[in-house]
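Shown here: final-v7.txt, compact mmCIF, C-alpha atoms.
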# COMPACT_ATOMS: atom_id res chain seq x y z
CA MET N 1110 141.73 -55.16 -2.62
CA THR N 1111 138.85 -53.38 -4.24
CA ASP N 1112 141.26 -50.82 -5.70
CA ARG N 1113 142.70 -53.52 -7.91
CA ASP N 1114 139.36 -54.69 -9.23
CA ASP N 1115 138.86 -54.30 -12.95
CA THR N 1116 135.68 -52.35 -12.34
CA THR N 1117 137.41 -49.67 -10.34
CA ARG N 1118 140.74 -49.65 -12.15
CA GLY N 1119 141.76 -46.12 -13.00
CA LEU N 1120 139.84 -44.48 -10.20
CA ALA N 1121 143.03 -43.98 -8.22
CA ALA N 1122 144.24 -41.50 -10.82
CA HIS N 1123 140.97 -39.60 -10.49
CA PHE N 1124 141.19 -39.52 -6.72
CA ASP N 1125 144.79 -38.38 -6.93
CA ALA N 1126 143.83 -35.62 -9.36
CA ALA N 1127 141.01 -34.54 -7.05
CA ARG N 1128 143.40 -34.35 -4.11
CA ARG N 1129 145.87 -32.27 -6.10
CA HIS N 1130 143.23 -29.88 -7.36
CA PRO N 1131 140.87 -29.10 -4.52
CA ALA N 1132 138.51 -26.16 -4.56
CA ARG N 1133 140.27 -23.45 -2.62
CA PRO N 1134 138.59 -20.82 -0.49
CA SER N 1135 138.66 -17.33 -1.91
CA ASP N 1136 140.41 -14.54 -0.05
CA ALA N 1137 137.00 -13.04 0.65
CA LEU N 1138 135.81 -16.28 2.29
CA MET N 1139 138.97 -16.50 4.39
CA ALA N 1140 138.39 -12.91 5.51
CA ARG N 1141 134.76 -13.64 6.40
CA VAL N 1142 135.67 -16.75 8.37
CA LEU N 1143 138.38 -14.89 10.27
CA ALA N 1144 135.97 -12.02 10.98
CA ASP N 1145 133.45 -14.54 12.34
CA ALA N 1146 136.17 -16.08 14.47
CA CYS N 1147 137.12 -12.74 15.99
CA ALA N 1148 133.49 -11.77 16.57
CA ALA N 1149 132.61 -15.07 18.23
CA GLN N 1150 135.81 -15.36 20.26
CA PRO N 1151 135.40 -15.13 24.02
CA ALA N 1152 137.11 -12.14 25.60
CA THR N 1153 140.66 -12.68 26.75
CA ARG N 1154 140.76 -13.84 30.31
CA PRO N 1155 142.86 -11.48 32.49
CA SER N 1156 146.20 -12.91 33.42
CA ARG N 1157 146.44 -13.74 37.14
CA ARG N 1158 149.77 -12.45 38.43
CA PRO N 1159 150.68 -13.47 41.97
CA ALA N 1160 149.86 -10.76 44.50
CA ALA N 1161 152.54 -8.98 46.54
CA TRP N 1162 153.49 -10.66 49.85
CA PRO N 1163 151.69 -8.15 52.15
CA VAL N 1164 148.52 -8.78 50.19
CA GLN N 1165 149.05 -12.55 50.38
CA LEU N 1166 149.62 -12.27 54.16
CA PHE N 1167 146.52 -10.12 54.52
CA ARG N 1168 144.49 -12.75 52.63
CA ALA N 1169 146.08 -15.60 54.59
CA LEU N 1170 145.12 -14.04 57.91
CA GLY N 1171 141.52 -13.86 56.83
CA GLY N 1172 141.04 -10.39 55.44
CA TRP N 1173 139.79 -7.25 57.15
CA PRO N 1174 137.83 -8.82 60.06
CA ALA N 1175 140.72 -10.99 61.20
CA VAL N 1176 143.31 -8.25 60.76
CA ALA N 1177 141.14 -5.76 62.72
CA GLY N 1178 140.77 -8.21 65.62
CA LEU N 1179 144.47 -9.00 65.58
CA SER N 1180 145.36 -5.29 65.61
CA ALA N 1181 143.03 -4.59 68.54
CA ALA N 1182 144.49 -7.48 70.54
CA THR N 1183 148.03 -6.28 69.83
CA LEU N 1184 147.30 -2.71 70.93
CA ALA N 1185 145.56 -3.94 74.08
CA GLY N 1186 148.58 -6.08 74.94
CA ILE N 1187 150.97 -3.17 74.49
CA TRP N 1188 148.75 -0.92 76.58
CA LEU N 1189 148.54 -3.44 79.41
CA GLY N 1190 152.29 -3.83 79.31
CA ILE N 1191 152.95 -0.08 79.54
CA SER N 1192 150.29 0.82 82.05
CA PRO N 1193 148.76 -2.18 83.75
CA PRO N 1194 145.68 -1.42 85.83
CA ALA N 1195 146.10 -1.62 89.61
CA PRO N 1196 144.16 -4.87 90.10
CA LEU N 1197 146.27 -6.55 87.41
CA ALA N 1198 149.51 -5.28 88.97
CA ALA N 1199 148.44 -6.68 92.33
CA VAL N 1200 147.78 -10.06 90.81
CA ALA N 1201 150.98 -10.04 88.75
CA ALA N 1202 153.35 -8.97 91.56
CA PRO N 1203 153.51 -12.37 93.37
CA LEU N 1204 154.03 -14.08 90.03
CA LEU N 1205 156.76 -11.80 88.80
CA GLY N 1206 158.38 -11.36 92.22
CA ASP N 1207 160.27 -8.34 93.47
CA PRO N 1208 162.15 -6.62 90.61
CA GLY N 1209 164.90 -5.64 93.03
CA GLY N 1210 165.60 -9.33 93.77
CA VAL N 1211 167.12 -9.71 90.34
CA TYR N 1212 170.17 -7.79 91.44
CA LEU N 1213 170.69 -10.05 94.45
CA VAL N 1214 171.30 -13.09 92.35
CA ASP N 1215 174.94 -13.63 91.58
CA LEU N 1216 174.99 -15.55 88.32
CA ALA N 1217 178.79 -15.92 88.22
CA PRO N 1218 180.29 -15.83 91.68
CA GLY N 1219 183.81 -16.58 90.42
CA ALA N 1220 183.83 -13.49 88.28
CA THR N 1221 183.77 -11.25 91.34
CA PHE N 1222 186.94 -12.81 92.60
CA GLU N 1223 188.70 -12.48 89.23
CA LEU N 1224 187.66 -8.86 88.88
CA ALA N 1225 188.92 -8.15 92.38
CA GLN N 1226 192.28 -9.66 91.50
CA GLU N 1227 192.60 -7.70 88.23
CA GLY N 1228 191.82 -4.45 90.10
CA ARG N 1229 194.61 -5.07 92.57
CA MET W 1224 148.26 -29.10 6.46
CA ALA W 1225 148.77 -25.44 5.76
CA PHE W 1226 151.68 -23.65 7.32
CA ASP W 1227 150.25 -21.31 9.91
CA GLY W 1228 153.11 -20.64 12.27
CA MET W 1229 151.50 -22.98 14.79
CA SER W 1230 151.85 -26.15 12.78
CA GLU W 1231 153.14 -28.03 15.82
CA SER W 1232 149.91 -27.43 17.70
CA SER W 1233 147.04 -29.85 17.31
CA ASP W 1234 143.66 -28.64 16.11
CA GLU W 1235 142.27 -29.27 19.56
CA MET W 1236 145.02 -27.36 21.32
CA LEU W 1237 144.44 -24.41 19.02
CA LEU W 1238 140.72 -24.58 19.63
CA LEU W 1239 141.24 -24.49 23.39
CA ARG W 1240 143.57 -21.53 23.01
CA TYR W 1241 140.97 -19.85 20.83
CA ALA W 1242 138.41 -20.36 23.58
CA GLU W 1243 140.79 -18.67 25.99
CA GLY W 1244 140.85 -15.59 23.78
CA ASP W 1245 144.12 -16.10 21.91
CA PRO W 1246 143.75 -14.15 18.63
CA ALA W 1247 146.68 -15.99 17.02
CA ALA W 1248 144.80 -19.26 17.49
CA ALA W 1249 141.80 -17.83 15.65
CA ARG W 1250 143.95 -16.99 12.67
CA ALA W 1251 145.83 -20.30 12.73
CA LEU W 1252 142.62 -22.33 12.86
CA THR W 1253 141.10 -20.29 10.07
CA GLU W 1254 144.10 -20.79 7.81
CA ARG W 1255 144.40 -24.48 8.67
CA LEU W 1256 140.81 -25.67 8.61
CA THR W 1257 138.99 -23.44 6.13
CA PRO W 1258 140.71 -24.88 3.03
CA ARG W 1259 139.98 -28.43 4.21
CA VAL W 1260 136.36 -27.66 4.92
CA MET W 1261 135.98 -25.84 1.63
CA ALA W 1262 137.49 -28.70 -0.36
CA HIS W 1263 135.29 -31.25 1.35
CA ALA W 1264 132.11 -29.20 1.00
CA SER W 1265 132.73 -28.59 -2.68
CA ARG W 1266 133.20 -32.32 -3.28
CA LEU W 1267 129.96 -33.13 -1.55
CA LEU W 1268 128.01 -30.31 -3.16
CA GLY W 1269 129.62 -29.87 -6.57
CA ASP W 1270 128.96 -26.15 -6.25
CA VAL W 1271 131.61 -23.65 -5.22
CA ALA W 1272 129.27 -20.87 -4.11
CA ALA W 1273 127.21 -23.24 -1.96
CA ALA W 1274 130.40 -24.79 -0.64
CA GLU W 1275 131.61 -21.35 0.46
CA ASP W 1276 128.36 -20.77 2.33
CA VAL W 1277 128.61 -24.17 4.00
CA THR W 1278 132.25 -23.55 4.87
CA GLN W 1279 131.51 -20.25 6.56
CA GLU W 1280 128.58 -21.75 8.46
CA ALA W 1281 130.56 -24.82 9.55
CA MET W 1282 133.42 -22.68 10.78
CA LEU W 1283 131.01 -20.38 12.59
CA ARG W 1284 129.59 -23.41 14.40
CA LEU W 1285 133.11 -24.40 15.36
CA TRP W 1286 133.79 -20.95 16.83
CA ARG W 1287 130.58 -21.14 18.85
CA GLN W 1288 131.36 -24.66 20.00
CA ALA W 1289 134.86 -23.75 21.16
CA PRO W 1290 133.97 -22.57 24.72
CA HIS W 1291 132.05 -25.82 25.26
CA TRP W 1292 134.66 -28.11 23.68
CA ARG W 1293 135.58 -31.08 25.86
CA ALA W 1294 139.20 -32.01 25.37
CA GLY W 1295 139.80 -35.57 24.25
CA GLU W 1296 136.18 -36.35 23.53
CA ALA W 1297 136.28 -36.04 19.74
CA ARG W 1298 138.68 -34.97 17.05
CA VAL W 1299 138.09 -31.49 15.69
CA SER W 1300 138.34 -32.74 12.11
CA THR W 1301 135.82 -35.51 12.75
CA TRP W 1302 133.41 -33.02 14.31
CA LEU W 1303 133.84 -30.67 11.35
CA TYR W 1304 133.34 -33.38 8.73
CA ARG W 1305 130.09 -34.30 10.46
CA VAL W 1306 128.89 -30.70 10.54
CA VAL W 1307 129.83 -30.20 6.90
CA ALA W 1308 127.99 -33.38 5.92
CA ASN W 1309 124.84 -32.25 7.73
CA LEU W 1310 124.96 -28.80 6.18
CA CYS W 1311 125.53 -30.27 2.73
CA THR W 1312 122.65 -32.68 3.18
CA ASP W 1313 120.38 -29.76 4.04
CA ARG W 1314 121.59 -27.91 0.97
CA LEU W 1315 121.06 -30.87 -1.32
CA ARG W 1316 117.54 -31.36 0.01
CA ARG W 1317 116.76 -27.78 -0.93
CA GLY W 1318 118.01 -28.42 -4.46
CA ARG W 1319 121.25 -28.38 -6.32
CA GLY W 1320 123.07 -25.18 -7.14
CA VAL W 1321 124.88 -24.18 -10.25
CA ALA W 1322 127.42 -26.37 -12.00
CA LEU W 1323 130.80 -26.96 -10.42
CA GLU W 1324 133.70 -24.75 -11.28
CA ALA W 1325 135.65 -26.20 -8.44
CA VAL W 1326 138.92 -26.91 -10.09
CA PRO W 1327 141.14 -23.85 -9.83
CA GLU W 1328 143.70 -22.64 -12.26
CA PRO W 1329 147.04 -24.39 -11.88
CA ALA W 1330 149.34 -22.64 -9.42
CA ASP W 1331 152.45 -24.68 -10.12
CA GLY W 1332 154.15 -23.21 -13.15
CA ALA W 1333 156.87 -25.83 -13.09
CA ALA W 1334 154.55 -28.72 -13.87
CA ARG W 1335 153.88 -29.48 -17.48
CA ALA W 1336 150.74 -27.80 -18.75
CA GLU W 1337 149.53 -30.98 -20.40
CA GLU W 1338 149.71 -32.95 -17.15
CA ILE W 1339 147.93 -30.23 -15.27
CA LEU W 1340 145.17 -30.03 -17.83
CA GLN W 1341 144.79 -33.79 -17.78
CA ALA W 1342 144.62 -33.86 -13.98
CA GLN W 1343 142.07 -31.08 -14.00
CA ALA W 1344 140.01 -32.93 -16.57
CA ARG W 1345 140.12 -36.05 -14.41
CA ALA W 1346 139.17 -34.10 -11.31
CA ARG W 1347 136.23 -32.51 -13.14
CA ALA W 1348 135.10 -35.83 -14.53
CA LEU W 1349 135.30 -37.41 -11.10
CA GLN W 1350 133.32 -34.56 -9.58
CA ALA W 1351 130.65 -34.90 -12.24
CA ALA W 1352 130.42 -38.61 -11.51
CA LEU W 1353 130.38 -37.98 -7.76
CA ASP W 1354 127.52 -35.54 -8.21
CA ASP W 1355 125.41 -38.34 -9.66
CA LEU W 1356 126.03 -40.70 -6.74
CA PRO W 1357 123.57 -41.02 -3.87
CA ALA W 1358 124.65 -38.62 -1.14
CA ARG W 1359 125.76 -41.27 1.34
CA GLN W 1360 127.84 -43.13 -1.23
CA ARG W 1361 129.40 -39.86 -2.34
CA GLN W 1362 130.24 -38.92 1.24
CA ALA W 1363 131.78 -42.30 1.99
CA VAL W 1364 133.87 -42.34 -1.18
CA VAL W 1365 135.10 -38.78 -0.69
CA LEU W 1366 136.03 -39.37 2.94
CA ARG W 1367 137.77 -42.67 2.18
CA HIS W 1368 139.53 -42.07 -1.10
CA ILE W 1369 140.07 -38.31 -1.29
CA GLU W 1370 140.25 -37.18 2.32
CA GLY W 1371 142.06 -40.42 3.14
CA LEU W 1372 140.26 -41.22 6.39
CA ALA W 1373 140.13 -44.69 7.89
CA ASN W 1374 136.86 -46.60 7.85
CA PRO W 1375 136.29 -46.40 11.63
CA GLU W 1376 136.53 -42.61 11.57
CA ILE W 1377 134.21 -42.45 8.56
CA ALA W 1378 131.78 -44.67 10.42
CA GLU W 1379 131.89 -42.23 13.34
CA ILE W 1380 131.31 -39.25 11.07
CA MET W 1381 128.44 -40.91 9.22
CA ALA W 1382 127.02 -42.56 12.34
CA VAL W 1383 126.97 -46.02 10.71
CA SER W 1384 128.89 -49.26 11.15
CA VAL W 1385 132.26 -49.92 9.55
CA GLU W 1386 130.61 -52.61 7.43
CA ALA W 1387 128.13 -50.08 6.16
CA VAL W 1388 130.99 -47.75 5.23
CA GLU W 1389 132.70 -50.54 3.31
CA SER W 1390 129.48 -51.30 1.48
CA LEU W 1391 128.81 -47.66 0.64
CA THR W 1392 132.37 -47.18 -0.56
CA ALA W 1393 132.37 -50.29 -2.71
CA ARG W 1394 129.06 -49.46 -4.35
CA GLY W 1395 130.14 -45.86 -4.86
CA LYS W 1396 133.36 -46.88 -6.53
CA ARG W 1397 131.63 -49.31 -8.85
CA ALA W 1398 129.22 -46.57 -9.87
CA LEU W 1399 132.05 -44.11 -10.41
CA ALA W 1400 133.99 -46.59 -12.48
CA ALA W 1401 130.96 -47.25 -14.64
CA ALA W 1402 130.32 -43.55 -15.09
CA LEU W 1403 133.92 -42.86 -16.05
CA ALA W 1404 134.39 -45.93 -18.24
CA ASP W 1405 133.28 -44.18 -21.39
CA ARG W 1406 135.78 -41.39 -20.89
CA ARG W 1407 138.89 -43.47 -20.32
CA GLU W 1408 140.56 -42.55 -23.60
CA GLU W 1409 139.54 -38.93 -23.37
CA LEU W 1410 140.97 -38.67 -19.86
CA GLY W 1411 144.30 -40.19 -20.80
CA TYR W 1412 144.09 -43.71 -19.44
CA ALA W 1413 145.69 -45.19 -22.54
CA ASP W 1414 149.11 -44.53 -21.02
CA ASP W 1415 148.23 -45.43 -17.38

Let me see the file written as structure tokens.
Amino acid sequence: MTDRDDTTRGLAAHFDAARRHPARPSDALMARVLADACAAQPATRPSRRPAAWPVQLFRALGGWPAVAGLSAATLAGIWLGISPPAPLAAVAAPLLGDPGGVYLVDLAPGATFELAQEGR
Amino acid sequence: MAFDGMSESSDEMLLLRYAEGDPAAARALTERLTPRVMAHASRLLGDVAAAEDVTQEAMLRLWRQAPHWRAGEARVSTWLYRVVANLCTDRLRRGRGVALEAVPEPADGAARAEEILQAQARARALQAALDDLPARQRQAVVLRHIEGLANPEIAEIMAVSVEAVESLTARGKRALAAALADRREELGYADD
């Protein structure tokens, strides 16, 4: 190794002394460097907390345009259910059948017999 | 490495946190890196006042680089050594400053005064000899034998081959040894 050469013998002690006695920054320099650091530092980025669930749902649906369309469709459906226009009722009647027919269907014929026996 | 309350964090991690606006990272990096930069600059320049200027400028460049730092691309210390070397080269081209008063007063009261004085004398003598070396030899010797870096990292900092680093270091050491040879007895080598 070069460190063991006669020509460089003794340098290790010098290097060791230099390591143990470095020039140290003054307090004023440390203060200036820290001031530079603070001045040059980018602004803190705002923390991103998760939004509340209604807000997340609102965003998931697509924001105001989608929610407005969805609301209008919902209201129209309710309105048609409550007060269907005459042409729609005429079309729907054959599909839905006679509401009175529901009462003519005996879903549990045996129950009538049992009830009659209990009432005796 | 100086204790800074974030000693577990790497320089790069702290730099990224600094770029995100963490004020604690700014303080930790300042306390960790400024003494190292100052020590290195003073060894290259042999002038404390100029070394302080270089230190402040190098650190300012680091702060400005932080938002653009690419993780894993380079070591922060390597980048800083390179910046310090460039700034010192500019300074030396403009002319040398006043004589070095780099060696501080001893802080360790427990150590024997004679040993401290001898070590300070050796450090001063080494610095005087370093000041007379060509800048590249001085840089290579300081990085290798005082900062303790490996030759490949020095080669990266100096933008030369590893062989060139070895050559610069060897020539620098021979020159230092020759410069210090006449002061061996004065500097206490009789008992080494």

Test item: residues at most 9 Å from W:Leu1267, only C-alpha atoms, excluding those fewer than 3 positions along its chain, as a VMD selection string: chain W and resid 1262 to 1264 1270 1274 1307 to 1308 1311 to 1312 1350 1353 to 1354 1358 1361 to 1362 1365

Could you please select, counting only C-alpha atoms, the residues of chain W within 7 Å of chain N and state them as a PDB file with C-alpha atoms, in the coordinates of the input?
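The resulting file, selection-v9.pdb, is reproduced below:
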ATOM      1  CA  TYR W1241     140.970 -19.850  20.830  1.00  0.00           C
ATOM      2  CA  ALA W1242     138.410 -20.360  23.580  1.00  0.00           C
ATOM      3  CA  GLU W1243     140.790 -18.670  25.990  1.00  0.00           C
ATOM      4  CA  GLY W1244     140.850 -15.590  23.780  1.00  0.00           C
ATOM      5  CA  ASP W1245     144.120 -16.100  21.910  1.00  0.00           C
ATOM      6  CA  ALA W1249     141.800 -17.830  15.650  1.00  0.00           C
ATOM      7  CA  ARG W1250     143.950 -16.990  12.670  1.00  0.00           C
ATOM      8  CA  THR W1253     141.100 -20.290  10.070  1.00  0.00           C
ATOM      9  CA  PRO W1258     140.710 -24.880   3.030  1.00  0.00           C
ATOM     10  CA  MET W1261     135.980 -25.840   1.630  1.00  0.00           C
ATOM     11  CA  ALA W1262     137.490 -28.700  -0.360  1.00  0.00           C
ATOM     12  CA  SER W1265     132.730 -28.590  -2.680  1.00  0.00           C
ATOM     13  CA  GLU W1275     131.610 -21.350   0.460  1.00  0.00           C
ATOM     14  CA  GLN W1279     131.510 -20.250   6.560  1.00  0.00           C
ATOM     15  CA  MET W1282     133.420 -22.680  10.780  1.00  0.00           C
ATOM     16  CA  LEU W1283     131.010 -20.380  12.590  1.00  0.00           C
ATOM     17  CA  TRP W1286     133.790 -20.950  16.830  1.00  0.00           C
ATOM     18  CA  ARG W1287     130.580 -21.140  18.850  1.00  0.00           C
ATOM     19  CA  ALA W1325     135.650 -26.200  -8.440  1.00  0.00           C
ATOM     20  CA  VAL W1326     138.920 -26.910 -10.090  1.00  0.00           C
ATOM     21  CA  PRO W1327     141.140 -23.850  -9.830  1.00  0.00           C
ATOM     22  CA  ALA W1342     144.620 -33.860 -13.980  1.00  0.00           C
ATOM     23  CA  GLN W1343     142.070 -31.080 -14.000  1.00  0.00           C
ATOM     24  CA  ARG W1345     140.120 -36.050 -14.410  1.00  0.00           C
ATOM     25  CA  ALA W1346     139.170 -34.100 -11.310  1.00  0.00           C
ATOM     26  CA  LEU W1349     135.300 -37.410 -11.100  1.00  0.00           C
ATOM     27  CA  HIS W1368     139.530 -42.070  -1.100  1.00  0.00           C
ATOM     28  CA  ILE W1369     140.070 -38.310  -1.290  1.00  0.00           C
ATOM     29  CA  LYS W1396     133.360 -46.880  -6.530  1.00  0.00           C
ATOM     30  CA  ARG W1397     131.630 -49.310  -8.850  1.00  0.00           C
ATOM     31  CA  ALA W1400     133.990 -46.590 -12.480  1.00  0.00           C
TER      32      ALA W1400
END

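Between atom CA of W:Met1236 and atom CA of W:Leu1252 the separation is 10.1 Å.
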
Could you add the missing atoms to stretch 1371-1381 of chain W, up to all heavy atoms, and return them as a PDB file, keeping the file's coordinate frame?
ATOM      1  N   GLY W1371     141.107 -39.444   2.620  1.00  0.00           N
ATOM      2  CA  GLY W1371     142.060 -40.420   3.140  1.00  0.00           C
ATOM      3  C   GLY W1371     141.799 -40.878   4.560  1.00  0.00           C
ATOM      4  O   GLY W1371     142.720 -41.298   5.259  1.00  0.00           O
ATOM      5  N   LEU W1372     140.564 -40.801   5.018  1.00  0.00           N
ATOM      6  CA  LEU W1372     140.260 -41.220   6.390  1.00  0.00           C
ATOM      7  C   LEU W1372     140.110 -42.742   6.467  1.00  0.00           C
ATOM      8  O   LEU W1372     139.812 -43.407   5.474  1.00  0.00           O
ATOM      9  CB  LEU W1372     138.955 -40.567   6.868  1.00  0.00           C
ATOM     10  CG  LEU W1372     138.884 -39.042   6.850  1.00  0.00           C
ATOM     11  CD1 LEU W1372     137.614 -38.568   7.529  1.00  0.00           C
ATOM     12  CD2 LEU W1372     140.096 -38.427   7.518  1.00  0.00           C
ATOM     13  N   ALA W1373     140.306 -43.267   7.659  1.00  0.00           N
ATOM     14  CA  ALA W1373     140.130 -44.690   7.890  1.00  0.00           C
ATOM     15  C   ALA W1373     138.638 -44.995   8.073  1.00  0.00           C
ATOM     16  O   ALA W1373     137.857 -44.121   8.489  1.00  0.00           O
ATOM     17  CB  ALA W1373     140.897 -45.118   9.134  1.00  0.00           C
ATOM     18  N   ASN W1374     138.273 -46.221   7.769  1.00  0.00           N
ATOM     19  CA  ASN W1374     136.860 -46.600   7.850  1.00  0.00           C
ATOM     20  C   ASN W1374     136.220 -46.361   9.220  1.00  0.00           C
ATOM     21  O   ASN W1374     135.077 -45.898   9.289  1.00  0.00           O
ATOM     22  CB  ASN W1374     136.678 -48.048   7.418  1.00  0.00           C
ATOM     23  CG  ASN W1374     136.765 -48.203   5.909  1.00  0.00           C
ATOM     24  OD1 ASN W1374     136.675 -47.213   5.170  1.00  0.00           O
ATOM     25  ND2 ASN W1374     136.945 -49.424   5.446  1.00  0.00           N
ATOM     26  N   PRO W1375     136.930 -46.667  10.334  1.00  0.00           N
ATOM     27  CA  PRO W1375     136.290 -46.400  11.630  1.00  0.00           C
ATOM     28  C   PRO W1375     135.945 -44.927  11.850  1.00  0.00           C
ATOM     29  O   PRO W1375     134.906 -44.601  12.420  1.00  0.00           O
ATOM     30  CB  PRO W1375     137.344 -46.888  12.637  1.00  0.00           C
ATOM     31  CG  PRO W1375     138.131 -47.908  11.889  1.00  0.00           C
ATOM     32  CD  PRO W1375     138.182 -47.420  10.477  1.00  0.00           C
ATOM     33  N   GLU W1376     136.823 -44.045  11.405  1.00  0.00           N
ATOM     34  CA  GLU W1376     136.530 -42.610  11.570  1.00  0.00           C
ATOM     35  C   GLU W1376     135.367 -42.193  10.669  1.00  0.00           C
ATOM     36  O   GLU W1376     134.510 -41.394  11.068  1.00  0.00           O
ATOM     37  CB  GLU W1376     137.774 -41.771  11.254  1.00  0.00           C
ATOM     38  CG  GLU W1376     137.551 -40.296  11.593  1.00  0.00           C
ATOM     39  CD  GLU W1376     138.794 -39.438  11.428  1.00  0.00           C
ATOM     40  OE1 GLU W1376     139.841 -39.964  11.020  1.00  0.00           O
ATOM     41  OE2 GLU W1376     138.708 -38.228  11.697  1.00  0.00           O
ATOM     42  N   ILE W1377     135.332 -42.756   9.462  1.00  0.00           N
ATOM     43  CA  ILE W1377     134.210 -42.450   8.560  1.00  0.00           C
ATOM     44  C   ILE W1377     132.903 -42.955   9.181  1.00  0.00           C
ATOM     45  O   ILE W1377     131.869 -42.277   9.129  1.00  0.00           O
ATOM     46  CB  ILE W1377     134.442 -43.109   7.180  1.00  0.00           C
ATOM     47  CG1 ILE W1377     135.715 -42.550   6.537  1.00  0.00           C
ATOM     48  CG2 ILE W1377     133.240 -42.882   6.275  1.00  0.00           C
ATOM     49  CD1 ILE W1377     136.141 -43.274   5.281  1.00  0.00           C
ATOM     50  N   ALA W1378     132.978 -44.127   9.766  1.00  0.00           N
ATOM     51  CA  ALA W1378     131.780 -44.670  10.420  1.00  0.00           C
ATOM     52  C   ALA W1378     131.297 -43.748  11.528  1.00  0.00           C
ATOM     53  O   ALA W1378     130.090 -43.533  11.698  1.00  0.00           O
ATOM     54  CB  ALA W1378     132.099 -46.063  10.986  1.00  0.00           C
ATOM     55  N   GLU W1379     132.255 -43.171  12.266  1.00  0.00           N
ATOM     56  CA  GLU W1379     131.890 -42.230  13.340  1.00  0.00           C
ATOM     57  C   GLU W1379     131.256 -40.973  12.757  1.00  0.00           C
ATOM     58  O   GLU W1379     130.260 -40.463  13.274  1.00  0.00           O
ATOM     59  CB  GLU W1379     133.144 -41.887  14.134  1.00  0.00           C
ATOM     60  CG  GLU W1379     132.870 -41.064  15.381  1.00  0.00           C
ATOM     61  CD  GLU W1379     134.151 -40.701  16.121  1.00  0.00           C
ATOM     62  OE1 GLU W1379     135.200 -41.320  15.852  1.00  0.00           O
ATOM     63  OE2 GLU W1379     134.081 -39.786  16.952  1.00  0.00           O
ATOM     64  N   ILE W1380     131.842 -40.469  11.689  1.00  0.00           N
ATOM     65  CA  ILE W1380     131.310 -39.250  11.070  1.00  0.00           C
ATOM     66  C   ILE W1380     129.907 -39.488  10.518  1.00  0.00           C
ATOM     67  O   ILE W1380     129.003 -38.665  10.691  1.00  0.00           O
ATOM     68  CB  ILE W1380     132.256 -38.791   9.925  1.00  0.00           C
ATOM     69  CG1 ILE W1380     133.591 -38.315  10.508  1.00  0.00           C
ATOM     70  CG2 ILE W1380     131.610 -37.696   9.084  1.00  0.00           C
ATOM     71  CD1 ILE W1380     134.683 -38.144   9.483  1.00  0.00           C
ATOM     72  N   MET W1381     129.725 -40.641   9.883  1.00  0.00           N
ATOM     73  CA  MET W1381     128.440 -40.910   9.220  1.00  0.00           C
ATOM     74  C   MET W1381     127.445 -41.596  10.144  1.00  0.00           C
ATOM     75  O   MET W1381     126.299 -41.829   9.745  1.00  0.00           O
ATOM     76  CB  MET W1381     128.680 -41.777   7.977  1.00  0.00           C
ATOM     77  CG  MET W1381     129.563 -41.091   6.924  1.00  0.00           C
ATOM     78  SD  MET W1381     129.779 -42.077   5.430  1.00  0.00           S
ATOM     79  CE  MET W1381     128.130 -42.024   4.739  1.00  0.00           C
TER      80      MET W1381
END
